[in-house]
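**Student:** Dropping a structure here in C-alpha cells format, bear with me for questions.
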Amino acid sequence: MIAVVGATGTGKSAFSLDLAERLRRGGRAAEIVNADAMQLYRGMDVGTAKLPWEERRGVPHHLLDVLDVVDEASVEWYQAEARRVVDEIAARGAVPILVGGSGLYVSGVLFDFRFPGTDPEVRAEFEELAARSGPRALHALLLQTDPSAAESIGPHNARRLVRALEVGRLTGEPFSASLPDEAARWRASSIVGLAEERSALVRRLDERVERMWAGGMLDEVAELAERGLERGVTASRAIGYAQASAQLRGEMSEREAVETTQALTRRYARRQVSWFRRYADVDWTTAGDQAAVERTVARLLA
C-alpha cells in the first residue's frame, strides 16, 4: 500500500494520480482510497475541493460520497471501511493508494492499533461541560491531563476533545498514548508526504477559499441545508460549511465568512503538518516531483 499525506492544498490528489498512472504504465493497476473525512459526504464538493469524476484520469476512487450529511463519521467506522476496501483492492492485484489529510483517519488505516470503547455516561458528562462552558473549557481540562493531545486537537474541536477526555477517564492513560507515533504498520506501506513552503501554502489556501465562494459555496450549502446539514454532527462543523451556513442565516457577512474560513483553514493546515511530521520513514516532497513518483514505484516493486 502507498499513502499520500500532507496538509490541505499541497496537491495530494494530483500526486496520487501521477502515481497511479506511472504504476499503470509499469503494468500494475492502482486504485485510490479517500482519507479526507469531509469528502466522505455526498454533496460536499465545492468546500472540500473534491476531484470531479472527469478529472480522475480513469483511476477508480473509493470512499467518496458514501455518507449523507446527517450521518456521523467516526474514525472507528472509517478504519473498518477503509481496511475492507484496501483488502479488496489488493485481492484484485491492484495497488491501494490511501490519499488524504485527515490525520487520525490516515493513522487508523496505516497503523496497527485499536480504539478504546465508549461510555455514554462519561461522554455525556463532558458533552454537558462543552454545552455549558464551550470547547475551551474542555481544552483547559485536557491540558491538565494530556497536554500532548490538547496541543494536537486544539481548543475548537469539541467532539474530539470530548473523546480524548473520555478515553483518558476510561483507560487511565493519556489519549495521546493511543496515537501511533511509533506503532507497527497494519500492512507493508510506503508513505509519501507533500509539503509546501509556508508563505506559498498560506497564499494558496486563502485563494482557494475565495474560489470556493466564487464557485458556488453558498448554493451548495443552501442545497445541503435542505438535506439536513445543520442536523449533521460531523458535516455541519466542517470548515467553510459552518461559516457559509452562518452567512445564509444572516449571522455573518460574506467577508466575515470568507476570512473566518481562511483563518481556520490555515490553522488546520498547521495541525496537519505537525501530525504527519511525527510519522517515521516519510518521503517528503512537493506536488509534481516526478523523481518522487519514481522512487515510490521503485520501493513498491522492490
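Residue numbers start at 1 in each chain; chains themselves are named A, B, ... in the order of the C-alpha cells; ligands are numbered from 1 in the order shown.
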Which residues are close to A:Glu21, i.e. within 12 Å by only C-alpha atoms, leaving aside same-chain residues fewer than 6 positions away? Reply as a ChimeraX atom specification.

**Tutor:** /A:14-15,27-32,56-60,95,97,290,293-294,297

**Student:** Restricting it to N, CA and C atoms, dump the selection as a tab-separated table (two decimals), in the first residue's frame.

**Tutor:**
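The file below, selection10.tsv, is the result:
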```
chain	number	residue	atom	x	y	z
A	14	ALA	N	-3.44	15.28	-7.15
A	14	ALA	CA	-2.69	15.22	-8.40
A	14	ALA	C	-1.51	14.26	-8.29
A	15	PHE	N	-0.82	14.29	-7.15
A	15	PHE	CA	0.33	13.40	-6.97
A	15	PHE	C	-0.12	11.95	-6.98
A	27	GLY	N	2.51	-1.72	-15.73
A	27	GLY	CA	1.77	-2.97	-15.72
A	27	GLY	C	1.05	-3.28	-14.43
A	28	ARG	N	0.98	-2.31	-13.50
A	28	ARG	CA	0.27	-2.54	-12.24
A	28	ARG	C	-0.92	-1.60	-12.13
A	29	ALA	N	-2.09	-2.15	-11.92
A	29	ALA	CA	-3.27	-1.31	-11.68
A	29	ALA	C	-3.17	-0.68	-10.31
A	30	ALA	N	-3.80	0.47	-10.14
A	30	ALA	CA	-3.83	1.16	-8.84
A	30	ALA	C	-5.21	1.76	-8.63
A	31	GLU	N	-5.65	1.81	-7.39
A	31	GLU	CA	-6.94	2.41	-7.04
A	31	GLU	C	-6.75	3.29	-5.82
A	32	ILE	N	-7.49	4.38	-5.77
A	32	ILE	CA	-7.31	5.39	-4.74
A	32	ILE	C	-8.40	5.26	-3.68
A	56	ARG	N	-10.47	12.39	-12.79
A	56	ARG	CA	-9.85	11.28	-12.06
A	56	ARG	C	-9.01	10.37	-12.95
A	57	ARG	N	-8.85	10.72	-14.21
A	57	ARG	CA	-7.96	10.05	-15.16
A	57	ARG	C	-8.25	8.56	-15.30
A	58	GLY	N	-9.50	8.19	-15.08
A	58	GLY	CA	-9.86	6.79	-15.23
A	58	GLY	C	-9.43	5.91	-14.08
A	59	VAL	N	-8.90	6.49	-13.02
A	59	VAL	CA	-8.45	5.72	-11.86
A	59	VAL	C	-9.63	5.52	-10.90
A	60	PRO	N	-9.94	4.29	-10.51
A	60	PRO	CA	-11.04	4.07	-9.57
A	60	PRO	C	-10.77	4.76	-8.23
A	95	VAL	N	-2.81	-1.92	-6.65
A	95	VAL	CA	-2.11	-1.23	-5.56
A	95	VAL	C	-3.07	-0.24	-4.91
A	97	ILE	N	-3.87	3.06	-2.98
A	97	ILE	CA	-3.21	4.34	-2.66
A	97	ILE	C	-4.14	5.12	-1.75
A	290	GLN	N	8.36	14.33	-10.19
A	290	GLN	CA	8.34	13.02	-10.85
A	290	GLN	C	9.40	12.08	-10.29
A	293	VAL	N	7.78	10.27	-7.55
A	293	VAL	CA	6.89	9.24	-8.11
A	293	VAL	C	7.71	8.00	-8.45
A	294	GLU	N	8.84	8.19	-9.11
A	294	GLU	CA	9.68	7.05	-9.50
A	294	GLU	C	10.23	6.33	-8.28
A	297	VAL	N	7.42	4.18	-6.73
A	297	VAL	CA	7.13	2.99	-7.54
A	297	VAL	C	8.26	1.98	-7.40
```

**Student:** I want to know what sits within 7 Å of stretch 229-242 of chain A, based on only C-alpha atoms, with residues of the same chain fewer than 2 positions away left out; could you give that as JSON, numbers by chain?

**Tutor:** {"A": [38, 47, 69, 70, 71, 72, 73, 221, 224, 225, 227, 244, 245, 246, 261, 264, 265]}

**Student:** Would you mind exporting N, CA and C atoms of the selected residues as a short mmCIF file (atom, residue, chain, number, x, y, z; two decimals), in the first residue's frame?

**Tutor:**
```cif
data_model
loop_
_atom_site.label_atom_id
_atom_site.label_comp_id
_atom_site.auth_asym_id
_atom_site.auth_seq_id
_atom_site.Cartn_x
_atom_site.Cartn_y
_atom_site.Cartn_z
N MET A 38 -14.23 14.87 5.21
CA MET A 38 -15.38 15.58 4.67
C MET A 38 -15.73 15.17 3.24
N GLY A 47 -16.68 22.87 -1.21
CA GLY A 47 -15.95 23.23 0.00
C GLY A 47 -14.89 22.24 0.42
N VAL A 69 -25.26 13.91 4.76
CA VAL A 69 -24.77 14.93 5.69
C VAL A 69 -25.32 14.77 7.11
N VAL A 70 -26.39 14.01 7.27
CA VAL A 70 -26.93 13.79 8.62
C VAL A 70 -26.21 12.63 9.32
N ASP A 71 -25.40 11.88 8.58
CA ASP A 71 -24.69 10.74 9.16
C ASP A 71 -23.48 11.22 9.95
N GLU A 72 -23.17 10.50 11.00
CA GLU A 72 -21.98 10.83 11.81
C GLU A 72 -20.82 9.96 11.38
N ALA A 73 -19.71 10.57 11.03
CA ALA A 73 -18.50 9.82 10.69
C ALA A 73 -17.66 9.65 11.95
N VAL A 221 -24.23 24.92 0.02
CA VAL A 221 -24.65 24.82 1.42
C VAL A 221 -26.16 24.97 1.55
N LEU A 224 -27.57 21.66 0.67
CA LEU A 224 -27.31 20.68 1.73
C LEU A 224 -28.16 20.96 2.96
N ALA A 225 -28.49 22.23 3.20
CA ALA A 225 -29.36 22.57 4.33
C ALA A 225 -30.71 21.89 4.18
N ARG A 227 -31.16 19.07 2.94
CA ARG A 227 -30.95 17.64 3.24
C ARG A 227 -30.61 17.40 4.71
N ALA A 244 -20.42 29.30 5.94
CA ALA A 244 -21.40 29.58 4.89
C ALA A 244 -22.82 29.48 5.44
N SER A 245 -23.06 28.52 6.33
CA SER A 245 -24.37 28.41 6.96
C SER A 245 -24.69 29.64 7.78
N ALA A 246 -23.67 30.13 8.52
CA ALA A 246 -23.87 31.35 9.31
C ALA A 246 -24.17 32.54 8.42
N THR A 261 -13.16 31.47 7.48
CA THR A 261 -12.80 30.19 6.85
C THR A 261 -11.33 30.16 6.50
N LEU A 264 -9.35 29.61 9.80
CA LEU A 264 -9.49 28.24 10.30
C LEU A 264 -8.76 27.24 9.41
N THR A 265 -8.77 27.49 8.10
CA THR A 265 -8.07 26.60 7.18
C THR A 265 -6.57 26.66 7.41
#
```

**Student:** Identify, with DSSP run on backbone atoms, the residues in stretch 151-211 of chain A assigned to alpha helix (DSSP H), and express the list as JSON, numbers by chain.

**Tutor:** {"A": [151, 152, 153, 158, 159, 160, 161, 162, 163, 164, 165, 166, 167, 168, 169, 170, 171, 198, 199, 200, 201, 202, 203, 204, 205, 206, 207, 208, 209, 210, 211]}

**Student:** Could you tell me how far atom CA of A:Ser133 sits from atom CA of A:Arg249, in Å to one decimal place?

**Tutor:** 23.7 Å

**Student:** Using only C-alpha atoms, pick whichever of A:Thr118, A:Trp77, A:Asp65, A:Ala164 has the shortest atom-to-atom distance to A:Glu151.

**Tutor:**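 Using only C-alpha atoms, the shortest distance to A:Glu151 belongs to A:Ala164.
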
**Student:** I'd like the contact shell of A:Phe276 - 12 Å cut-off, only C-alpha atoms, skipping same-chain residues fewer than 5 positions apart - returned as number ranges by chain.

**Tutor:** A: 3-8, 100-107, 152, 179-181, 191-195, 269-271, 281-284

**Student:** Output N, CA and C atoms for every residue in that selection, as a PDB file, in the first residue's frame.

**Tutor:**
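File produced: selection-v4.pdb:
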```pdb
ATOM      1  N   ALA A   3       0.630   5.462   0.839  1.00  0.00           N
ATOM      2  CA  ALA A   3      -0.161   6.535   1.434  1.00  0.00           C
ATOM      3  C   ALA A   3       0.423   7.867   0.993  1.00  0.00           C
ATOM      4  N   VAL A   4      -0.441   8.770   0.565  1.00  0.00           N
ATOM      5  CA  VAL A   4      -0.036  10.122   0.187  1.00  0.00           C
ATOM      6  C   VAL A   4      -0.691  11.074   1.178  1.00  0.00           C
ATOM      7  N   VAL A   5       0.124  11.750   1.993  1.00  0.00           N
ATOM      8  CA  VAL A   5      -0.396  12.552   3.091  1.00  0.00           C
ATOM      9  C   VAL A   5       0.157  13.969   3.014  1.00  0.00           C
ATOM     10  N   GLY A   6      -0.397  14.842   3.841  1.00  0.00           N
ATOM     11  CA  GLY A   6       0.070  16.217   3.896  1.00  0.00           C
ATOM     12  C   GLY A   6      -1.057  17.170   4.188  1.00  0.00           C
ATOM     13  N   ALA A   7      -0.716  18.426   4.334  1.00  0.00           N
ATOM     14  CA  ALA A   7      -1.712  19.444   4.652  1.00  0.00           C
ATOM     15  C   ALA A   7      -2.629  19.684   3.460  1.00  0.00           C
ATOM     16  N   THR A   8      -3.774  20.264   3.761  1.00  0.00           N
ATOM     17  CA  THR A   8      -4.697  20.634   2.697  1.00  0.00           C
ATOM     18  C   THR A   8      -4.025  21.618   1.745  1.00  0.00           C
ATOM     19  N   GLY A 100      -5.099  11.474   1.641  1.00  0.00           N
ATOM     20  CA  GLY A 100      -5.893  12.414   2.421  1.00  0.00           C
ATOM     21  C   GLY A 100      -5.097  13.084   3.512  1.00  0.00           C
ATOM     22  N   GLY A 101      -5.744  14.074   4.123  1.00  0.00           N
ATOM     23  CA  GLY A 101      -5.090  14.846   5.155  1.00  0.00           C
ATOM     24  C   GLY A 101      -5.737  14.763   6.515  1.00  0.00           C
ATOM     25  N   SER A 102      -6.738  13.900   6.678  1.00  0.00           N
ATOM     26  CA  SER A 102      -7.369  13.728   7.994  1.00  0.00           C
ATOM     27  C   SER A 102      -6.502  12.785   8.813  1.00  0.00           C
ATOM     28  N   GLY A 103      -5.669  13.379   9.689  1.00  0.00           N
ATOM     29  CA  GLY A 103      -4.594  12.639  10.335  1.00  0.00           C
ATOM     30  C   GLY A 103      -5.016  11.387  11.065  1.00  0.00           C
ATOM     31  N   LEU A 104      -6.041  11.483  11.885  1.00  0.00           N
ATOM     32  CA  LEU A 104      -6.445  10.318  12.664  1.00  0.00           C
ATOM     33  C   LEU A 104      -7.035   9.236  11.770  1.00  0.00           C
ATOM     34  N   TYR A 105      -7.718   9.640  10.701  1.00  0.00           N
ATOM     35  CA  TYR A 105      -8.272   8.665   9.763  1.00  0.00           C
ATOM     36  C   TYR A 105      -7.136   7.922   9.048  1.00  0.00           C
ATOM     37  N   VAL A 106      -6.140   8.669   8.588  1.00  0.00           N
ATOM     38  CA  VAL A 106      -4.991   8.041   7.935  1.00  0.00           C
ATOM     39  C   VAL A 106      -4.294   7.091   8.898  1.00  0.00           C
ATOM     40  N   SER A 107      -4.052   7.554  10.115  1.00  0.00           N
ATOM     41  CA  SER A 107      -3.362   6.729  11.105  1.00  0.00           C
ATOM     42  C   SER A 107      -4.145   5.464  11.423  1.00  0.00           C
ATOM     43  N   SER A 152      -2.448  18.772  20.032  1.00  0.00           N
ATOM     44  CA  SER A 152      -2.760  18.204  18.723  1.00  0.00           C
ATOM     45  C   SER A 152      -4.175  18.556  18.272  1.00  0.00           C
ATOM     46  N   LEU A 179      -2.120   7.121  20.176  1.00  0.00           N
ATOM     47  CA  LEU A 179      -1.835   7.611  18.834  1.00  0.00           C
ATOM     48  C   LEU A 179      -0.525   6.995  18.335  1.00  0.00           C
ATOM     49  N   PRO A 180      -0.474   6.660  17.069  1.00  0.00           N
ATOM     50  CA  PRO A 180       0.565   5.750  16.573  1.00  0.00           C
ATOM     51  C   PRO A 180       1.849   6.428  16.124  1.00  0.00           C
ATOM     52  N   ASP A 181       2.513   7.144  17.017  1.00  0.00           N
ATOM     53  CA  ASP A 181       3.784   7.749  16.624  1.00  0.00           C
ATOM     54  C   ASP A 181       4.797   6.673  16.195  1.00  0.00           C
ATOM     55  N   ILE A 191       5.012   5.693   2.608  1.00  0.00           N
ATOM     56  CA  ILE A 191       4.311   6.946   2.869  1.00  0.00           C
ATOM     57  C   ILE A 191       5.044   8.078   2.173  1.00  0.00           C
ATOM     58  N   VAL A 192       4.305   8.806   1.353  1.00  0.00           N
ATOM     59  CA  VAL A 192       4.829   9.997   0.698  1.00  0.00           C
ATOM     60  C   VAL A 192       4.142  11.205   1.327  1.00  0.00           C
ATOM     61  N   GLY A 193       4.931  12.164   1.804  1.00  0.00           N
ATOM     62  CA  GLY A 193       4.373  13.373   2.394  1.00  0.00           C
ATOM     63  C   GLY A 193       4.588  14.554   1.461  1.00  0.00           C
ATOM     64  N   LEU A 194       3.536  15.312   1.209  1.00  0.00           N
ATOM     65  CA  LEU A 194       3.655  16.506   0.376  1.00  0.00           C
ATOM     66  C   LEU A 194       3.729  17.735   1.270  1.00  0.00           C
ATOM     67  N   ALA A 195       4.725  18.561   1.027  1.00  0.00           N
ATOM     68  CA  ALA A 195       4.933  19.764   1.832  1.00  0.00           C
ATOM     69  C   ALA A 195       5.032  20.966   0.905  1.00  0.00           C
ATOM     70  N   ALA A 269      -4.277  23.525   8.626  1.00  0.00           N
ATOM     71  CA  ALA A 269      -3.090  23.092   7.882  1.00  0.00           C
ATOM     72  C   ALA A 269      -1.881  22.975   8.799  1.00  0.00           C
ATOM     73  N   ARG A 270      -1.731  23.897   9.746  1.00  0.00           N
ATOM     74  CA  ARG A 270      -0.606  23.811  10.697  1.00  0.00           C
ATOM     75  C   ARG A 270      -0.706  22.527  11.525  1.00  0.00           C
ATOM     76  N   ARG A 271      -1.916  22.187  11.956  1.00  0.00           N
ATOM     77  CA  ARG A 271      -2.085  20.964  12.747  1.00  0.00           C
ATOM     78  C   ARG A 271      -1.782  19.730  11.902  1.00  0.00           C
ATOM     79  N   ASP A 281       9.893   7.533   8.502  1.00  0.00           N
ATOM     80  CA  ASP A 281      10.119   6.961   7.166  1.00  0.00           C
ATOM     81  C   ASP A 281       9.186   7.540   6.107  1.00  0.00           C
ATOM     82  N   VAL A 282       8.945   8.839   6.172  1.00  0.00           N
ATOM     83  CA  VAL A 282       8.149   9.503   5.148  1.00  0.00           C
ATOM     84  C   VAL A 282       9.083  10.101   4.102  1.00  0.00           C
ATOM     85  N   ASP A 283       8.745   9.916   2.846  1.00  0.00           N
ATOM     86  CA  ASP A 283       9.493  10.547   1.754  1.00  0.00           C
ATOM     87  C   ASP A 283       8.824  11.899   1.488  1.00  0.00           C
ATOM     88  N   TRP A 284       9.411  12.981   2.005  1.00  0.00           N
ATOM     89  CA  TRP A 284       8.818  14.305   1.864  1.00  0.00           C
ATOM     90  C   TRP A 284       9.209  14.912   0.525  1.00  0.00           C
TER      91      TRP A 284
END
```

**Student:** From the set A:Gly26, A:Leu17, A:Val46, A:Leu300, which residue has the shortest atom-to-atom contact distance to A:Gly215, counting only C-alpha atoms?

**Tutor:**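 For A:Gly215, the nearest of the candidates is A:Val46.
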
**Student:** Restricting the calculation to only C-alpha atoms: of A:Pro147, A:Pro174, A:Gly154, A:Gly168, which residue gets closest to A:Gln272?

**Tutor:**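 Under the stated criterion, the closest residue is A:Gly154.
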
**Student:** Find the distance between atom CA of A:Ala130 and atom CA of A:Leu161 and write it in Å to one decimal.

**Tutor:**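 These two atoms are separated by 9.2 Å.
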
**Student:** Between A:Thr48, A:Ala222, A:Leu205, A:Gly228, which is the closest to A:Thr10 once you count only C-alpha atoms?

**Tutor:**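 When distances to A:Thr10 are compared using only C-alpha atoms, the smallest one comes from A:Leu205.
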
**Student:** Give me every strand (DSSP E or B) residue in stretch 60-210 of chain A, going by DSSP on the backbone, as a list in words.

**Tutor:**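 Reading the DSSP output for stretch 60-210 of chain A, strand (DSSP E or B) covers His61, His62, Leu67, Val95, Pro96, Ile97, Leu98, Val99, Phe111, Arg185, Ser190, Ile191, Val192, Gly193 and Leu194 of chain A.
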
**Student:** Take the residues just selected and output them with C-alpha atoms as an mmCIF file, in the first residue's frame.

**Tutor:**
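Wrote part-v5.cif, looks like this:
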```cif
data_model
loop_
_atom_site.group_PDB
_atom_site.id
_atom_site.type_symbol
_atom_site.label_atom_id
_atom_site.label_comp_id
_atom_site.auth_asym_id
_atom_site.auth_seq_id
_atom_site.Cartn_x
_atom_site.Cartn_y
_atom_site.Cartn_z
ATOM 1 C CA HIS A 61 -11.725 6.077 -6.389
ATOM 2 C CA HIS A 62 -13.255 4.685 -3.204
ATOM 3 C CA LEU A 67 -22.434 9.265 3.665
ATOM 4 C CA VAL A 95 -2.109 -1.234 -5.555
ATOM 5 C CA PRO A 96 -4.172 0.645 -2.930
ATOM 6 C CA ILE A 97 -3.211 4.341 -2.665
ATOM 7 C CA LEU A 98 -4.547 5.961 0.509
ATOM 8 C CA VAL A 99 -4.869 9.720 -0.039
ATOM 9 C CA PHE A 111 -1.036 1.667 11.956
ATOM 10 C CA ARG A 185 2.181 -0.796 10.407
ATOM 11 C CA SER A 190 5.242 3.443 1.713
ATOM 12 C CA ILE A 191 4.311 6.946 2.869
ATOM 13 C CA VAL A 192 4.829 9.997 0.698
ATOM 14 C CA GLY A 193 4.373 13.373 2.394
ATOM 15 C CA LEU A 194 3.655 16.506 0.376
#
```

**Student:** Taking only C-alpha atoms into account, which of A:Pro120, A:Ala140, A:Asn157, A:Ser148 comes nearest A:Leu170?

**Tutor:**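 For A:Leu170, the nearest of the given residues is A:Pro120.
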
**Student:** Between atom CA of A:Glu223 and atom CA of A:Lys50, what distance in Å does the model show, to one decimal?

**Tutor:**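 Between atom CA of A:Glu223 and atom CA of A:Lys50 the gap is 16.9 Å.
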
**Student:** Taking into account only C-alpha atoms, which residue in the set A:Glu220, A:Thr296, A:Met1, A:Ala158 is nearest to A:Ile89?

**Tutor:**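 The answer is A:Met1, which sits nearest to A:Ile89.
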
**Student:** So which residues touch stretch 123-125 of chain A within 7 Å, counting only C-alpha atoms, skipping near sequence neighbours fewer than 3 positions away, as a CSV table (one decimal) with N, CA and C atoms, in the first residue's frame?

**Tutor:**
```
chain,number,residue,atom,x,y,z
A,119,ASP,N,-18.3,5.1,26.8
A,119,ASP,CA,-19.2,5.0,27.9
A,119,ASP,C,-20.1,6.2,27.8
A,120,PRO,N,-21.4,5.9,27.6
A,120,PRO,CA,-22.4,7.0,27.4
A,120,PRO,C,-22.5,8.0,28.5
A,128,GLU,N,-21.9,17.8,28.3
A,128,GLU,CA,-22.6,18.8,29.1
A,128,GLU,C,-21.7,19.9,29.4
A,129,LEU,N,-20.4,19.6,29.8
A,129,LEU,CA,-19.5,20.7,30.1
A,129,LEU,C,-19.3,21.5,28.8
A,162,VAL,N,-13.9,15.9,23.6
A,162,VAL,CA,-14.8,15.1,24.5
A,162,VAL,C,-14.2,13.6,24.4
A,166,GLU,N,-12.8,11.4,27.4
A,166,GLU,CA,-13.5,10.1,27.7
A,166,GLU,C,-12.5,9.0,27.7
```
